[in-house]
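Worksheet: the structure to be examined is printed underneath.
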Amino acid sequence: MTTLAVLEQRDGVLRKISHEVVTAAQRLGGGVEAVVCAAGVVQGADQAAKFGADKIVTLTNPAFAKYAPEACAQALAERAKLGGHRCIVFAASATGKDLAPRVAAKLGVAVAADITDLATDGGAIVVTRPVYAGKALLKVKVAAQPAVLSLRPNVFTPVERPKAGAAETVAVTVPAGRVTVREIKAAPAGTLDVAEAQVIISGGRGLKEPANFKVLEDLARAFGGQAAVGASRAVVDAGWRAHADQVGQTGKTVSPSLYIAVGISGAIQHLAGMRTSKVIVAINKDKDAPIFKVADYGVVGDLFEIVPKLTEEIRKLHG
Amino acid sequence: MKIAVCIKRVPDSETRVKIAADGKSLDEAGVKFVLNPYDEFALEEALRRKEKAGTGEVVVVCLGPAVAQETIRTALSWGADRGVLLQADKIPADPFETAKVIAAELKTTSWDLILFGRMAIDDYNHQVGQLVAELLGLPCVTAVSHLDIEGTKGVAEREIEGGIEVVDFPLPAVLTADKGLNEPRLPALKGIMAAKKKPLEVKPVQVGAGVLEVVALTPPPERKEGKIVGEGAGAVAELVRLLREEAKVL
C-alpha cells in the first residue's frame with residue numbers, strides 16, 4: 001500500500017525539508033504519492049521525483065497562497081481518504097506540527113509525532129520517538145489506519161532514488177477558513193532557524209553579556225548561510241536572546257551536522273536538546289563542565305580568543 | 001471571559017531518566033513532578049485575560065492520576081478559580097484517546113477560550129490542543145507567542161522557520177501557548193493558602209488504549225567519549241583539522 005508524503009511550500013517554492021519527507025516515505029515501500037497544497041505551480045516540486053515520489057500531486061486553491069490550516073487539513077484529509085494510503089508522512093516543522101494533528105483528527109487517529117526512525121515489522125509500522133527531550137527513546141507500534149507520522153527535521157537525510165514523479169494538478173474546493181494568516185513577519189535576512197540549520201553555534205552565560213553574541217554571529221556568517229545561532233535557557237530567560245533560538249527541553253531539540261556549544265556548561269535540559277547532533281564541539285573555560293562529557297571535541301579556554309580564531313579559520317575554508 | 005486551561009503533570013526538566021522494570025515506562029521513584037512548563041504560559045495568559053476583563057472564570061482541567069491534584073492545586077494557587085481532575089491511573093501513549101476524554105469534559109460548557117501548552121515536555125506529542133479543537137469543531141491556533149484579543153476577534157503570532165506568522169481568528173477558540181507569550185507569575189503564599197479552599201472536582205474517567213502501542217522505552221545511544229583538543233586559541237587549527245579530516249563536517 002502506498003504512502004502519502006506531504007510536501008511543504010512557502011511563497012510557491014518547495015521547502016527543502018520536503019526531500020526528507022519523501023525519503024522517509026519511500027522507506028516504507030509500496031510507492032509514494034507526494035502532495036502539496038499551493039495557490040499554483042510550486043517551484044521545485046518536481047524534485048520530489050528524485051527522492052522517490054512516483055506521483056506528485058499539487059492541490060490548488062487561491063486560499064493556499066498563505067498557510068491556511070483549516071483548508072489544508074480538509075484538502076489533505078480528503079486526498080488521504082481518496083488514496084486509501086497506509087501511511088501519511090509530514091515534516092515536524094512549524095507548519096507540520098500545526099497541520100498533522102488536524103489532518104489526523106479528521107481521519108480519526110493521532111500523529112506519531114517527531115519521529116527519528118521508522119521501520120516495518122510484518123504489517124505494522126514501528127517508529128522511534130525521542131521523549132523527555134531525548135533523554136529516552138520510545139519505540140511505538142502504530143496500528144492506526146492510516147498511520148500518520150511527523151518527522152523530526154534533519155534526521156532523515158535525503159537519499160536520491162529517482163522515480164517517475166508523474167505530475168498532477170487538482171483544483172480543490174475548501175471551506176472558508178476561520179483561522180487565517182494575515183502576514184509573515186520575516187526574520188532578518190540570512191537568519192536561519194535553529195531547528196533546520198546544518199550548523200548551530202550556541203551561546204550561554206559564558207558570553208557574559210548580550211552584545212557579545214556578535215562573536216557567535218560572526219562565526220555563523222563564516223559558514224556561508226548554513227549556520228544559525230542558538231542559545232541556552234539561561235540566556236533566553238535573562239532576555240539576551242529570543243526564545244526562538246533556545247535549544248533544550250523547553251526550547252528546541254535539534255540534530256544539526258555540527259553543534260558548537262560556546263560558554264555553555266551543559267545543564268541536563270540543554271544536553272537533552274542537542275545530544276542527537278552528529279558532531280558536537282564544546283568551547284568552555286571550565287575543563288570540568290558537563291558539556292565536555294557529550295562533546296566529540298573540546299577546547300578549554302577563553303571563548304573570546306578561541307571563537308574569533310575559529311571564525312578566521314572557517315572563513316579561509318569557505319573563502 | 002470563561003476560560004479553560006488544560007494542564008499536565010510532568011517530570012521536572014532536570015529529571016534524570018531511569019527506565020522502569022517493564023522496559024516501557026519511566027521509573028518514577030524519586031522523580032519530581034511539576035506543572036508542564038508550557039502550560040504555565042497558558043495558565044498565566046488565562047489569568048491575565050480574566051483580570052483584564054474584570055469578570056469571568058478560569059477552570060483548570062487535568063487528565064492524570066490522583067496525585068495530579070497537587071498539580072491542579074498549584075494552578076489554583078496562581079489564581080485559577082476551580083479545578084477538574086479527570087482521574088485515570090495511566091495516560092495512554094495515544095494522544096487521540098487523551099483528546100477524546102478532555103473534549104468530552106469541555107463539551108459540557110461553552111468557553112470563550114480553551115488554552116493548552118503547545119506541548120508537554122515528557123511525551124513531546126504537541127498535538128492534544130489541535131485534536132481537541134477538531135473534536136469540538138473550534139478554530140485553533142498553535143504555538144502562540146503573542147496574543148491580542150478585542151471582543152470576539154483575536155490576533156496571534158506564532159513562530160515559524162525564519163519568521164513570525166500573524167494569524168487572525170474568532171473566539172471561541174482553542175490556543176496552544178509557547179514560551180514568550182508572557183512571564184508566568186510566582187505563586188504568593190496567600191495564593192497557596194487560598195488554593196486549599198478552592199473547589200477541585202475529581203471525575204474518574206475511562207481512557208481507551210488507542211492504536212499507538214509502546215514497544216519499549218530505552219536510553220538514547222551513548223555518545224562515544226570525546227576528546228579535549230587543547231587549550232586556548234592555539235588549539236583551533238587542530239580542531240579545524242579534526243572537523244575536516246576525522247569528523248568530515250567541514
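By order in the C-alpha cells, chains are A, B, ...; within a chain, residues start at 1; ligands start at 1, following the order shown.
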Could you give me, as a list in words, the residues within 9 Å of Lys179 in chain B, counting only C-alpha atoms and dropping anything in the same chain fewer than 6 positions from it?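 That gives His243, Ala244, Thr250 and Gly251 of chain A; Pro37, Tyr38, Phe41, Gly117, Arg118, Ala143, Val144 and Ser145 of chain B.
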Near Leu137 in chain A, within 7 Å and counting only C-alpha atoms, which residues show up once chain neighbours fewer than 5 positions away are dropped, as a list in words?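 What passes the distance filter is Thr128, Arg129, Pro130 and Val131 of chain A; Leu217, Thr218, Pro219 and Pro220 of chain B.
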Pro11 in chain B: which residues within 7 Å, counting only C-alpha atoms, same-chain residues fewer than 5 positions away excluded, as a tab-separated table (two decimals) with C-alpha atoms, in the first residue's frame?
chain	number	residue	atom	x	y	z
B	31	VAL	CA	11.20	11.92	40.26
B	32	LYS	CA	9.94	15.40	40.99
B	33	PHE	CA	6.75	16.23	39.10
B	34	VAL	CA	5.76	19.73	38.08
B	122	ASP	CA	7.57	14.49	28.71
Listing only residues of chain B within 7 Å of chain A, what is the closest atom pair and its distance in Å (to one decimal) for each, using only C-alpha atoms, sorted by chain and residue number ascending, as CSV?
residue,atom,partner,partner_atom,distance
B:Ser13,CA,A:Gln269,CA,5.9
B:Glu14,CA,A:Gln269,CA,6.0
B:Val17,CA,A:Lys135,CA,6.3
B:Asp94,CA,A:Ala110,CA,6.5
B:Pro95,CA,A:Ala110,CA,6.0
B:Phe96,CA,A:Ala110,CA,4.9
B:Ile121,CA,A:Tyr132,CA,6.1
B:Asp122,CA,A:Tyr132,CA,4.4
B:Asp123,CA,A:Val131,CA,5.1
B:Tyr124,CA,A:Val131,CA,6.1
B:Asn125,CA,A:Ala113,CA,5.7
B:Gln127,CA,A:Pro101,CA,5.7
B:Gln130,CA,A:Arg102,CA,5.9
B:Leu131,CA,A:Ala105,CA,5.7
B:Glu134,CA,A:Ala105,CA,6.3
B:Pro139,CA,A:Val179,CA,6.3
B:Thr142,CA,A:Asp98,CA,6.3
B:Ile160,CA,A:Ala94,CA,5.2
B:Glu161,CA,A:Asp193,CA,5.2
B:Gly162,CA,A:Ala187,CA,5.2
B:Gly163,CA,A:Ala186,CA,4.2
B:Ile164,CA,A:Lys185,CA,5.0
B:Glu165,CA,A:Ile184,CA,4.5
B:Val166,CA,A:Glu183,CA,5.4
B:Val167,CA,A:Val181,CA,4.3
B:Asp168,CA,A:Thr180,CA,5.3
B:Phe169,CA,A:Val179,CA,4.7
B:Pro170,CA,A:Arg178,CA,6.7
B:Lys179,CA,A:His243,CA,6.7
B:Gly180,CA,A:His243,CA,6.5
B:Val211,CA,A:Ala143,CA,5.0
B:Leu212,CA,A:Val142,CA,4.8
B:Glu213,CA,A:Lys141,CA,5.0
B:Val214,CA,A:Val140,CA,4.5
B:Val215,CA,A:Lys139,CA,5.3
B:Ala216,CA,A:Lys139,CA,5.1
B:Leu217,CA,A:Leu138,CA,4.6
B:Thr218,CA,A:Leu137,CA,5.2
B:Pro219,CA,A:Ala136,CA,4.5
B:Pro220,CA,A:Ala136,CA,5.2
B:Arg223,CA,A:Val294,CA,6.3
B:Glu225,CA,A:Asp296,CA,6.9
B:Gly226,CA,A:Asp296,CA,3.9
B:Lys227,CA,A:Tyr297,CA,5.2
B:Ile228,CA,A:Gly298,CA,4.4
B:Val229,CA,A:Gly298,CA,5.6
B:Gly230,CA,A:Val299,CA,5.3
B:Glu231,CA,A:Val300,CA,4.6
B:Gly232,CA,A:Gly301,CA,4.7
B:Ala233,CA,A:Ile306,CA,4.3
B:Ala235,CA,A:Val299,CA,6.8
B:Val236,CA,A:Leu310,CA,5.9
B:Val249,CA,A:Ser257,CA,6.7
Considering only C-alpha atoms, return as a count of residues only whatever protein or nucleic-acid residues lie within 12 Å of Leu85 in chain B, sequence-local ones (same chain, fewer than 4 positions apart) excluded. 31
Strand (DSSP E) call set, DSSP backbone run, range 32-89 of chain B, as a PyMOL selection string: chain B and resi 33-35+57-64+82-87
Once you have the residues from the selection above, write them out as a PDB file, in the first residue's frame, restricted to C-alpha atoms.
ATOM      1  CA  PHE B  33       6.746  16.228  39.104  1.00  0.00           C
ATOM      2  CA  VAL B  34       5.762  19.734  38.084  1.00  0.00           C
ATOM      3  CA  LEU B  35       3.165  21.626  36.103  1.00  0.00           C
ATOM      4  CA  GLU B  57     -13.775  32.193  35.430  1.00  0.00           C
ATOM      5  CA  VAL B  58     -10.580  30.227  34.886  1.00  0.00           C
ATOM      6  CA  VAL B  59     -11.064  26.481  35.160  1.00  0.00           C
ATOM      7  CA  VAL B  60      -8.127  24.094  35.190  1.00  0.00           C
ATOM      8  CA  VAL B  61      -8.671  20.693  33.597  1.00  0.00           C
ATOM      9  CA  CYS B  62      -6.164  17.891  34.036  1.00  0.00           C
ATOM     10  CA  LEU B  63      -6.125  14.273  32.926  1.00  0.00           C
ATOM     11  CA  GLY B  64      -3.951  12.291  35.294  1.00  0.00           C
ATOM     12  CA  ARG B  82     -11.536  25.832  40.261  1.00  0.00           C
ATOM     13  CA  GLY B  83     -10.116  22.556  39.038  1.00  0.00           C
ATOM     14  CA  VAL B  84     -11.323  19.356  37.439  1.00  0.00           C
ATOM     15  CA  LEU B  85      -9.245  16.194  37.636  1.00  0.00           C
ATOM     16  CA  LEU B  86     -10.167  13.633  35.018  1.00  0.00           C
ATOM     17  CA  GLN B  87      -8.756  10.798  37.002  1.00  0.00           C
TER      18      GLN B  87
END
DSSP on the backbone, alpha helix (DSSP H) only: what residues of range 112-247 of chain B does that give? Format it as a list in words.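 Selection result, alpha helix (DSSP H) within range 112-247 of chain B: Val128, Gly129, Gln130, Leu131, Val132, Ala133, Glu134, Leu135, Leu136, Leu189, Lys190, Gly191, Ile192, Met193, Ala194, Ala195, Val236, Ala237, Glu238, Leu239, Val240, Arg241, Leu242, Leu243, Arg244 and Glu245 of chain B.
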When you draw a straight line from CA of Gly30 in chain A to CA of Val57 in chain A, how long is it in Å?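 Interatomic distance here is 17.1 Å.
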Distance criterion (only C-alpha atoms): nearest to Val254 in chain A out of A:Ala91, A:Leu219, A:Val155, A:Val22: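 Selected residue with least distance to Val254 in chain A: A:Val155.
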At a cut-off of 12 Å, using only C-alpha atoms, what residues contact Glu44 in chain B? Leave out same-chain residues fewer than 2 positions from it and give the result as a ChimeraX atom specification. /B:3-5,7,37-42,46-51,58,60,75-80,115-117,177-187
